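For reference, structure31.cif is printed below; it contains mmCIF, N, CA, C and O atoms and all ligand atoms.
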data_protein
loop_
_atom_site.label_atom_id
_atom_site.label_comp_id
_atom_site.auth_asym_id
_atom_site.auth_seq_id
_atom_site.Cartn_x
_atom_site.Cartn_y
_atom_site.Cartn_z
N TYR A 263 -51.56 -29.25 -18.83
CA TYR A 263 -51.06 -29.92 -17.64
C TYR A 263 -50.54 -28.89 -16.66
O TYR A 263 -49.78 -28.01 -17.03
N CYS A 264 -50.95 -28.99 -15.41
CA CYS A 264 -50.60 -27.95 -14.44
C CYS A 264 -50.31 -28.57 -13.07
O CYS A 264 -51.18 -28.64 -12.21
N PRO A 265 -49.06 -29.00 -12.83
CA PRO A 265 -48.75 -29.58 -11.51
C PRO A 265 -48.85 -28.54 -10.41
O PRO A 265 -48.42 -27.41 -10.59
N LYS A 266 -49.42 -28.90 -9.28
CA LYS A 266 -49.65 -27.93 -8.20
C LYS A 266 -48.34 -27.36 -7.64
O LYS A 266 -48.32 -26.26 -7.11
N ALA A 267 -47.24 -28.09 -7.77
CA ALA A 267 -45.96 -27.61 -7.23
C ALA A 267 -45.41 -26.43 -8.02
O ALA A 267 -44.55 -25.70 -7.54
N ARG A 268 -45.88 -26.24 -9.24
CA ARG A 268 -45.36 -25.16 -10.06
C ARG A 268 -46.00 -23.83 -9.65
O ARG A 268 -47.23 -23.74 -9.57
N PRO A 269 -45.18 -22.79 -9.36
CA PRO A 269 -45.74 -21.51 -8.91
C PRO A 269 -46.79 -20.96 -9.85
O PRO A 269 -47.79 -20.39 -9.42
N SER A 270 -46.58 -21.11 -11.14
CA SER A 270 -47.52 -20.55 -12.10
C SER A 270 -48.86 -21.26 -12.06
O SER A 270 -49.81 -20.81 -12.68
N CYS A 271 -48.96 -22.34 -11.32
CA CYS A 271 -50.22 -23.07 -11.22
C CYS A 271 -50.92 -22.83 -9.89
O CYS A 271 -51.82 -23.56 -9.51
N SER A 272 -50.50 -21.79 -9.16
CA SER A 272 -51.07 -21.51 -7.85
C SER A 272 -52.46 -20.92 -7.95
O SER A 272 -53.15 -20.80 -6.96
N GLY A 273 -52.89 -20.54 -9.12
CA GLY A 273 -54.16 -19.86 -9.29
C GLY A 273 -53.98 -18.37 -9.50
O GLY A 273 -54.89 -17.69 -9.94
N LYS A 274 -52.79 -17.85 -9.19
CA LYS A 274 -52.50 -16.44 -9.40
C LYS A 274 -51.92 -16.24 -10.78
O LYS A 274 -50.93 -16.90 -11.14
N LEU A 275 -52.50 -15.34 -11.54
CA LEU A 275 -51.92 -14.99 -12.83
C LEU A 275 -50.64 -14.19 -12.63
O LEU A 275 -49.66 -14.38 -13.32
N ASN A 276 -50.68 -13.27 -11.69
CA ASN A 276 -49.56 -12.37 -11.47
C ASN A 276 -48.55 -12.98 -10.51
O ASN A 276 -48.83 -13.14 -9.32
N GLN A 277 -47.38 -13.32 -11.03
CA GLN A 277 -46.29 -13.87 -10.21
C GLN A 277 -45.15 -12.88 -10.05
O GLN A 277 -44.14 -13.19 -9.41
N VAL A 278 -45.27 -11.67 -10.65
CA VAL A 278 -44.13 -10.78 -10.77
C VAL A 278 -44.43 -9.33 -10.39
O VAL A 278 -43.66 -8.68 -9.70
N ILE A 279 -45.54 -8.79 -10.82
CA ILE A 279 -45.79 -7.35 -10.82
C ILE A 279 -46.36 -6.86 -9.49
O ILE A 279 -47.40 -7.33 -9.05
N GLN A 280 -45.66 -5.92 -8.84
CA GLN A 280 -46.17 -5.21 -7.65
C GLN A 280 -46.91 -6.16 -6.69
O GLN A 280 -48.07 -5.93 -6.33
N LEU A 281 -46.23 -7.20 -6.24
CA LEU A 281 -46.91 -8.25 -5.48
C LEU A 281 -47.45 -7.78 -4.13
O LEU A 281 -48.39 -8.37 -3.60
N SER A 282 -46.90 -6.68 -3.57
CA SER A 282 -47.41 -6.19 -2.30
C SER A 282 -48.62 -5.28 -2.48
O SER A 282 -49.26 -4.89 -1.49
N ASN A 283 -48.94 -4.96 -3.70
CA ASN A 283 -50.08 -4.10 -4.00
C ASN A 283 -51.35 -4.95 -4.05
O ASN A 283 -51.38 -5.97 -4.75
N PRO A 284 -52.42 -4.59 -3.31
CA PRO A 284 -53.63 -5.42 -3.31
C PRO A 284 -54.33 -5.48 -4.66
O PRO A 284 -55.06 -6.43 -4.94
N LYS A 285 -54.12 -4.47 -5.51
CA LYS A 285 -54.70 -4.51 -6.86
C LYS A 285 -53.83 -3.67 -7.77
O LYS A 285 -53.58 -2.51 -7.49
N VAL A 286 -53.38 -4.26 -8.87
CA VAL A 286 -52.51 -3.55 -9.81
C VAL A 286 -53.40 -2.85 -10.86
O VAL A 286 -54.12 -3.51 -11.60
N VAL A 287 -53.33 -1.55 -10.86
CA VAL A 287 -54.07 -0.74 -11.83
C VAL A 287 -53.10 0.25 -12.45
O VAL A 287 -52.32 0.89 -11.73
N ASP A 288 -53.11 0.36 -13.75
CA ASP A 288 -52.23 1.30 -14.44
C ASP A 288 -53.07 2.22 -15.31
O ASP A 288 -54.06 1.79 -15.91
N THR A 289 -52.67 3.48 -15.36
CA THR A 289 -53.33 4.45 -16.22
C THR A 289 -52.30 5.04 -17.17
O THR A 289 -51.23 5.48 -16.73
N ILE A 290 -52.57 4.99 -18.44
CA ILE A 290 -51.69 5.56 -19.45
C ILE A 290 -52.48 6.63 -20.21
O ILE A 290 -53.58 6.35 -20.70
N ASP A 291 -51.93 7.83 -20.25
CA ASP A 291 -52.59 8.88 -21.03
C ASP A 291 -52.41 8.62 -22.51
O ASP A 291 -51.30 8.30 -22.97
N VAL A 292 -53.47 8.73 -23.26
CA VAL A 292 -53.41 8.51 -24.71
C VAL A 292 -52.37 9.43 -25.34
O VAL A 292 -51.66 9.02 -26.27
N GLU A 293 -52.24 10.62 -24.80
CA GLU A 293 -51.28 11.56 -25.36
C GLU A 293 -49.84 11.05 -25.24
O GLU A 293 -48.96 11.48 -25.98
N ASP A 294 -49.59 10.13 -24.29
CA ASP A 294 -48.24 9.60 -24.10
C ASP A 294 -47.92 8.44 -25.04
O ASP A 294 -46.80 7.93 -25.04
N ILE A 295 -48.91 8.01 -25.81
CA ILE A 295 -48.68 6.93 -26.77
C ILE A 295 -48.40 7.56 -28.13
O ILE A 295 -49.24 8.24 -28.68
N SER A 296 -47.20 7.33 -28.61
CA SER A 296 -46.86 7.87 -29.93
C SER A 296 -46.98 6.76 -30.96
O SER A 296 -46.23 5.80 -30.94
N GLY A 297 -47.94 6.85 -31.82
CA GLY A 297 -48.12 5.82 -32.85
C GLY A 297 -48.85 4.61 -32.31
O GLY A 297 -50.05 4.49 -32.46
N LYS A 298 -48.11 3.70 -31.64
CA LYS A 298 -48.77 2.54 -31.03
C LYS A 298 -47.97 2.05 -29.83
O LYS A 298 -46.78 2.35 -29.68
N ALA A 299 -48.64 1.31 -28.95
CA ALA A 299 -48.01 0.73 -27.76
C ALA A 299 -48.57 -0.66 -27.54
O ALA A 299 -49.76 -0.90 -27.77
N ALA A 300 -47.73 -1.59 -27.10
CA ALA A 300 -48.15 -2.97 -26.82
C ALA A 300 -48.19 -3.16 -25.31
O ALA A 300 -47.18 -2.99 -24.62
N PHE A 301 -49.34 -3.52 -24.79
CA PHE A 301 -49.52 -3.71 -23.35
C PHE A 301 -49.60 -5.19 -23.00
O PHE A 301 -50.28 -5.96 -23.67
N CYS A 302 -48.88 -5.53 -21.93
CA CYS A 302 -48.76 -6.92 -21.50
C CYS A 302 -50.09 -7.47 -20.97
O CYS A 302 -50.78 -6.80 -20.20
N ARG A 303 -50.39 -8.71 -21.37
CA ARG A 303 -51.55 -9.42 -20.83
C ARG A 303 -51.16 -10.75 -20.20
O ARG A 303 -52.02 -11.51 -19.77
N CYS A 304 -49.84 -11.03 -20.19
CA CYS A 304 -49.41 -12.31 -19.61
C CYS A 304 -48.88 -12.15 -18.18
O CYS A 304 -48.60 -13.13 -17.52
N TRP A 305 -48.71 -10.96 -17.72
CA TRP A 305 -48.22 -10.64 -16.37
C TRP A 305 -46.78 -11.09 -16.16
O TRP A 305 -46.35 -11.30 -15.02
N LYS A 306 -46.01 -11.23 -17.21
CA LYS A 306 -44.61 -11.65 -17.07
C LYS A 306 -43.62 -10.56 -17.46
O LYS A 306 -42.41 -10.74 -17.29
N SER A 307 -44.11 -9.46 -18.00
CA SER A 307 -43.22 -8.42 -18.52
C SER A 307 -42.38 -7.77 -17.42
O SER A 307 -42.88 -7.48 -16.34
N LYS A 308 -41.11 -7.53 -17.73
CA LYS A 308 -40.24 -6.78 -16.82
C LYS A 308 -40.39 -5.28 -17.05
O LYS A 308 -39.78 -4.48 -16.36
N ASN A 309 -41.15 -4.92 -18.04
CA ASN A 309 -41.37 -3.52 -18.39
C ASN A 309 -42.85 -3.17 -18.28
O ASN A 309 -43.41 -2.46 -19.10
N TRP A 310 -43.49 -3.72 -17.28
CA TRP A 310 -44.92 -3.54 -17.04
C TRP A 310 -45.28 -2.06 -17.02
O TRP A 310 -44.53 -1.30 -16.44
N PRO A 311 -46.40 -1.64 -17.59
CA PRO A 311 -47.45 -2.46 -18.20
C PRO A 311 -47.22 -2.76 -19.68
O PRO A 311 -48.11 -3.30 -20.33
N TYR A 312 -46.03 -2.44 -20.18
CA TYR A 312 -45.78 -2.68 -21.60
C TYR A 312 -45.27 -4.11 -21.82
O TYR A 312 -44.58 -4.68 -20.97
N CYS A 313 -45.57 -4.67 -22.95
CA CYS A 313 -45.08 -5.99 -23.35
C CYS A 313 -43.58 -5.90 -23.65
O CYS A 313 -43.14 -4.97 -24.32
N ASP A 314 -42.81 -6.86 -23.13
CA ASP A 314 -41.38 -6.92 -23.45
C ASP A 314 -41.03 -8.23 -24.16
O ASP A 314 -39.85 -8.57 -24.28
N GLY A 315 -42.02 -8.97 -24.59
CA GLY A 315 -41.78 -10.22 -25.30
C GLY A 315 -41.73 -11.44 -24.39
O GLY A 315 -41.59 -12.57 -24.88
N SER A 316 -41.86 -11.24 -23.07
CA SER A 316 -41.79 -12.36 -22.13
C SER A 316 -42.90 -13.39 -22.35
O SER A 316 -42.77 -14.54 -21.92
N HIS A 317 -43.97 -13.00 -23.02
CA HIS A 317 -45.06 -13.94 -23.27
C HIS A 317 -44.59 -15.13 -24.12
O HIS A 317 -45.14 -16.22 -24.02
N ALA A 318 -43.56 -14.92 -24.94
CA ALA A 318 -43.08 -16.01 -25.80
C ALA A 318 -42.55 -17.18 -24.96
O ALA A 318 -42.88 -18.34 -25.23
N ALA A 319 -41.74 -16.87 -23.94
CA ALA A 319 -41.21 -17.93 -23.07
C ALA A 319 -42.33 -18.57 -22.27
O ALA A 319 -42.36 -19.80 -22.08
N HIS A 320 -43.26 -17.76 -21.79
CA HIS A 320 -44.41 -18.28 -21.05
C HIS A 320 -45.22 -19.25 -21.92
O HIS A 320 -45.59 -20.34 -21.48
N ASN A 321 -45.48 -18.84 -23.15
CA ASN A 321 -46.27 -19.69 -24.05
C ASN A 321 -45.54 -21.00 -24.34
O ASN A 321 -46.16 -22.06 -24.38
N LYS A 322 -44.22 -20.90 -24.53
CA LYS A 322 -43.44 -22.10 -24.83
C LYS A 322 -43.45 -23.06 -23.64
O LYS A 322 -43.58 -24.27 -23.79
N GLU A 323 -43.33 -22.48 -22.42
CA GLU A 323 -43.27 -23.30 -21.21
C GLU A 323 -44.60 -23.97 -20.88
O GLU A 323 -44.66 -25.12 -20.45
N THR A 324 -45.68 -23.22 -21.10
CA THR A 324 -46.99 -23.68 -20.62
C THR A 324 -47.92 -24.18 -21.70
O THR A 324 -48.94 -24.80 -21.40
N GLY A 325 -47.62 -23.86 -22.97
CA GLY A 325 -48.56 -24.21 -24.03
C GLY A 325 -49.67 -23.19 -24.16
O GLY A 325 -50.64 -23.40 -24.91
N ASP A 326 -49.52 -22.08 -23.44
CA ASP A 326 -50.52 -21.00 -23.50
C ASP A 326 -50.40 -20.27 -24.84
O ASP A 326 -49.48 -20.54 -25.64
N ASN A 327 -51.30 -19.35 -25.10
CA ASN A 327 -51.26 -18.62 -26.37
C ASN A 327 -51.49 -17.13 -26.17
O ASN A 327 -52.09 -16.46 -27.00
N VAL A 328 -50.99 -16.59 -25.04
CA VAL A 328 -51.26 -15.19 -24.73
C VAL A 328 -50.31 -14.25 -25.46
O VAL A 328 -49.21 -14.62 -25.87
N GLY A 329 -50.74 -13.03 -25.62
CA GLY A 329 -49.94 -11.99 -26.25
C GLY A 329 -50.46 -10.63 -25.83
O GLY A 329 -51.44 -10.53 -25.10
N PRO A 330 -49.81 -9.57 -26.30
CA PRO A 330 -50.17 -8.23 -25.86
C PRO A 330 -51.44 -7.70 -26.51
O PRO A 330 -51.91 -8.26 -27.51
N VAL A 331 -51.96 -6.63 -25.95
CA VAL A 331 -52.97 -5.84 -26.66
C VAL A 331 -52.23 -4.62 -27.21
O VAL A 331 -51.44 -3.99 -26.49
N ILE A 332 -52.43 -4.36 -28.47
CA ILE A 332 -51.75 -3.24 -29.12
C ILE A 332 -52.75 -2.11 -29.29
O ILE A 332 -53.83 -2.30 -29.86
N VAL A 333 -52.37 -0.96 -28.75
CA VAL A 333 -53.20 0.23 -28.86
C VAL A 333 -52.51 1.17 -29.84
O VAL A 333 -51.32 1.45 -29.69
N LYS A 334 -53.24 1.59 -30.85
CA LYS A 334 -52.63 2.50 -31.81
C LYS A 334 -53.58 3.66 -32.12
O LYS A 334 -54.80 3.53 -32.02
N LYS A 335 -52.96 4.74 -32.47
CA LYS A 335 -53.75 5.92 -32.81
C LYS A 335 -54.36 5.75 -34.19
O LYS A 335 -53.73 5.18 -35.09
N ALA A 336 -55.59 6.24 -34.32
CA ALA A 336 -56.23 6.21 -35.64
C ALA A 336 -55.49 7.17 -36.56
O ALA A 336 -54.98 8.21 -36.12
N LYS A 337 -55.42 6.82 -37.82
CA LYS A 337 -54.71 7.69 -38.78
C LYS A 337 -55.63 8.76 -39.31
O LYS A 337 -56.81 8.62 -39.36
FE1 LIG B 401 -46.75 -10.06 -21.49
FE2 LIG B 401 -45.91 -9.73 -23.99
S1 LIG B 401 -44.75 -9.72 -22.17
S2 LIG B 401 -47.92 -10.02 -23.31
#

Show the structure stored in the file as structure tokens.
Amino acid sequence: YCPKARPSCSGKLNQVIQLSNPKVVDTIDVEDISGKAAFCRCWKSKNWPYCDGSHAAHNKETGDNVGPVIVKKAK
């Protein structure tokens, strides 16, 4: 269910991150990842581009099932 009055239903996934930027692109050097890193895919994180757990509230509010992508170094 998605009422049009709700901002999250405007058609824009990104309601928070760098809104004045025409396209949000992030580059992370593999060397800067120690062990593993979780990257946000819900566009709600306050610690973008990393996941801060905000997807849990989003999922609860909307019934969505999004979560981070975890990048880890091979052993
Ligand atoms: Fe966005 Fe976790 S905060 S996926």

Chain A residues near ligand LIG 401 (chain B) within 6 Å, closest pair each, using only C-alpha atoms and all ligand atoms, as JSON lines:
{"residue": "A:Cys302", "atom": "CA", "partner": "B:LIG401", "partner_atom": "S2", "distance": 3.7}
{"residue": "A:Arg303", "atom": "CA", "partner": "B:LIG401", "partner_atom": "S2", "distance": 4.4}
{"residue": "A:Cys304", "atom": "CA", "partner": "B:LIG401", "partner_atom": "FE1", "distance": 4.0}
{"residue": "A:Trp305", "atom": "CA", "partner": "B:LIG401", "partner_atom": "FE1", "distance": 5.4}
{"residue": "A:Lys306", "atom": "CA", "partner": "B:LIG401", "partner_atom": "FE1", "distance": 5.2}
{"residue": "A:Ser307", "atom": "CA", "partner": "B:LIG401", "partner_atom": "S1", "distance": 4.2}
{"residue": "A:Cys313", "atom": "CA", "partner": "B:LIG401", "partner_atom": "FE2", "distance": 3.9}
{"residue": "A:Asp314", "atom": "CA", "partner": "B:LIG401", "partner_atom": "S1", "distance": 4.6}
{"residue": "A:Gly315", "atom": "CA", "partner": "B:LIG401", "partner_atom": "S1", "distance": 4.3}
{"residue": "A:Ser316", "atom": "CA", "partner": "B:LIG401", "partner_atom": "S1", "distance": 4.0}
{"residue": "A:His317", "atom": "CA", "partner": "B:LIG401", "partner_atom": "FE2", "distance": 4.4}
{"residue": "A:Gly329", "atom": "CA", "partner": "B:LIG401", "partner_atom": "S2", "distance": 4.1}
{"residue": "A:Pro330", "atom": "CA", "partner": "B:LIG401", "partner_atom": "S2", "distance": 3.8}

Please report, as a VMD selection string, each residue of chain A to which DSSP assigns alpha helix (DSSP H) when run on this structure's backbone. chain A and resid 317 to 324

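Atom CA of A:Tyr312 is positioned 13.4 Å from atom CA of A:Asp291.
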
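Our summary of the geometry notes that atom CA of A:Thr324 is positioned 26.0 Å from atom CA of A:Pro284.
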
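Assigned to strand (DSSP E) in chain A, given DSSP computed from backbone atoms, are Lys298, Ala299, Ala300, Phe301, Val331, Ile332, Val333 and Lys334 of chain A.
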
Starting from the sparse input, extend stretch 298-309 of chain A to all heavy atoms and give the output as a short mmCIF file (atom, residue, chain, number, x, y, z; two decimals), in the frame of the given file.
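What follows is the written file part38.cif:
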data_model
loop_
_atom_site.label_atom_id
_atom_site.label_comp_id
_atom_site.auth_asym_id
_atom_site.auth_seq_id
_atom_site.Cartn_x
_atom_site.Cartn_y
_atom_site.Cartn_z
N LYS A 298 -48.11 3.70 -31.64
CA LYS A 298 -48.77 2.54 -31.03
C LYS A 298 -47.97 2.05 -29.83
O LYS A 298 -46.78 2.35 -29.68
CB LYS A 298 -48.94 1.40 -32.04
CG LYS A 298 -47.65 0.75 -32.48
CD LYS A 298 -47.96 -0.38 -33.44
CE LYS A 298 -46.69 -1.09 -33.87
NZ LYS A 298 -46.94 -2.20 -34.78
N ALA A 299 -48.64 1.31 -28.95
CA ALA A 299 -48.01 0.73 -27.76
C ALA A 299 -48.57 -0.66 -27.54
O ALA A 299 -49.76 -0.90 -27.77
CB ALA A 299 -48.26 1.61 -26.54
N ALA A 300 -47.73 -1.59 -27.10
CA ALA A 300 -48.15 -2.97 -26.82
C ALA A 300 -48.19 -3.16 -25.31
O ALA A 300 -47.18 -2.99 -24.62
CB ALA A 300 -47.19 -3.96 -27.47
N PHE A 301 -49.34 -3.52 -24.79
CA PHE A 301 -49.52 -3.71 -23.35
C PHE A 301 -49.60 -5.19 -23.00
O PHE A 301 -50.28 -5.96 -23.67
CB PHE A 301 -50.80 -2.99 -22.88
CG PHE A 301 -50.69 -1.51 -22.97
CD1 PHE A 301 -51.16 -0.83 -24.09
CD2 PHE A 301 -50.09 -0.77 -21.97
CE1 PHE A 301 -51.04 0.54 -24.19
CE2 PHE A 301 -49.97 0.60 -22.05
CZ PHE A 301 -50.44 1.26 -23.17
N CYS A 302 -48.88 -5.53 -21.93
CA CYS A 302 -48.76 -6.92 -21.50
C CYS A 302 -50.09 -7.47 -20.97
O CYS A 302 -50.78 -6.80 -20.20
CB CYS A 302 -47.69 -7.02 -20.41
SG CYS A 302 -47.48 -8.68 -19.74
N ARG A 303 -50.39 -8.71 -21.37
CA ARG A 303 -51.55 -9.42 -20.83
C ARG A 303 -51.16 -10.75 -20.20
O ARG A 303 -52.02 -11.51 -19.77
CB ARG A 303 -52.59 -9.67 -21.93
CG ARG A 303 -53.21 -8.39 -22.43
CD ARG A 303 -54.40 -8.63 -23.28
NE ARG A 303 -54.06 -9.34 -24.52
CZ ARG A 303 -54.93 -9.60 -25.48
NH1 ARG A 303 -56.18 -9.24 -25.35
NH2 ARG A 303 -54.55 -10.23 -26.56
N CYS A 304 -49.84 -11.03 -20.19
CA CYS A 304 -49.41 -12.31 -19.61
C CYS A 304 -48.88 -12.15 -18.18
O CYS A 304 -48.60 -13.13 -17.52
CB CYS A 304 -48.34 -12.96 -20.48
SG CYS A 304 -46.70 -12.22 -20.36
N TRP A 305 -48.71 -10.96 -17.72
CA TRP A 305 -48.22 -10.64 -16.37
C TRP A 305 -46.78 -11.09 -16.16
O TRP A 305 -46.35 -11.30 -15.02
CB TRP A 305 -49.13 -11.24 -15.29
CG TRP A 305 -50.47 -10.60 -15.25
CD1 TRP A 305 -51.56 -10.92 -16.00
CD2 TRP A 305 -50.87 -9.48 -14.45
NE1 TRP A 305 -52.61 -10.08 -15.73
CE2 TRP A 305 -52.22 -9.19 -14.76
CE3 TRP A 305 -50.22 -8.70 -13.50
CZ2 TRP A 305 -52.92 -8.16 -14.15
CZ3 TRP A 305 -50.93 -7.68 -12.89
CH2 TRP A 305 -52.26 -7.42 -13.22
N LYS A 306 -46.01 -11.23 -17.21
CA LYS A 306 -44.61 -11.65 -17.07
C LYS A 306 -43.62 -10.56 -17.46
O LYS A 306 -42.41 -10.74 -17.29
CB LYS A 306 -44.33 -12.88 -17.96
CG LYS A 306 -45.27 -14.04 -17.76
CD LYS A 306 -45.05 -14.71 -16.43
CE LYS A 306 -45.87 -15.98 -16.35
NZ LYS A 306 -46.58 -16.11 -15.10
N SER A 307 -44.11 -9.46 -18.00
CA SER A 307 -43.22 -8.42 -18.52
C SER A 307 -42.38 -7.77 -17.42
O SER A 307 -42.88 -7.48 -16.34
CB SER A 307 -44.04 -7.34 -19.23
OG SER A 307 -43.19 -6.30 -19.66
N LYS A 308 -41.11 -7.53 -17.73
CA LYS A 308 -40.24 -6.78 -16.82
C LYS A 308 -40.39 -5.28 -17.05
O LYS A 308 -39.78 -4.48 -16.36
CB LYS A 308 -38.77 -7.18 -17.04
CG LYS A 308 -38.49 -8.68 -16.95
CD LYS A 308 -38.51 -9.18 -15.52
CE LYS A 308 -38.06 -10.63 -15.42
NZ LYS A 308 -38.94 -11.61 -16.05
N ASN A 309 -41.15 -4.92 -18.04
CA ASN A 309 -41.37 -3.52 -18.39
C ASN A 309 -42.85 -3.17 -18.28
O ASN A 309 -43.41 -2.46 -19.10
CB ASN A 309 -40.87 -3.25 -19.82
CG ASN A 309 -40.85 -1.77 -20.15
OD1 ASN A 309 -40.64 -0.93 -19.28
ND2 ASN A 309 -41.08 -1.44 -21.41
#
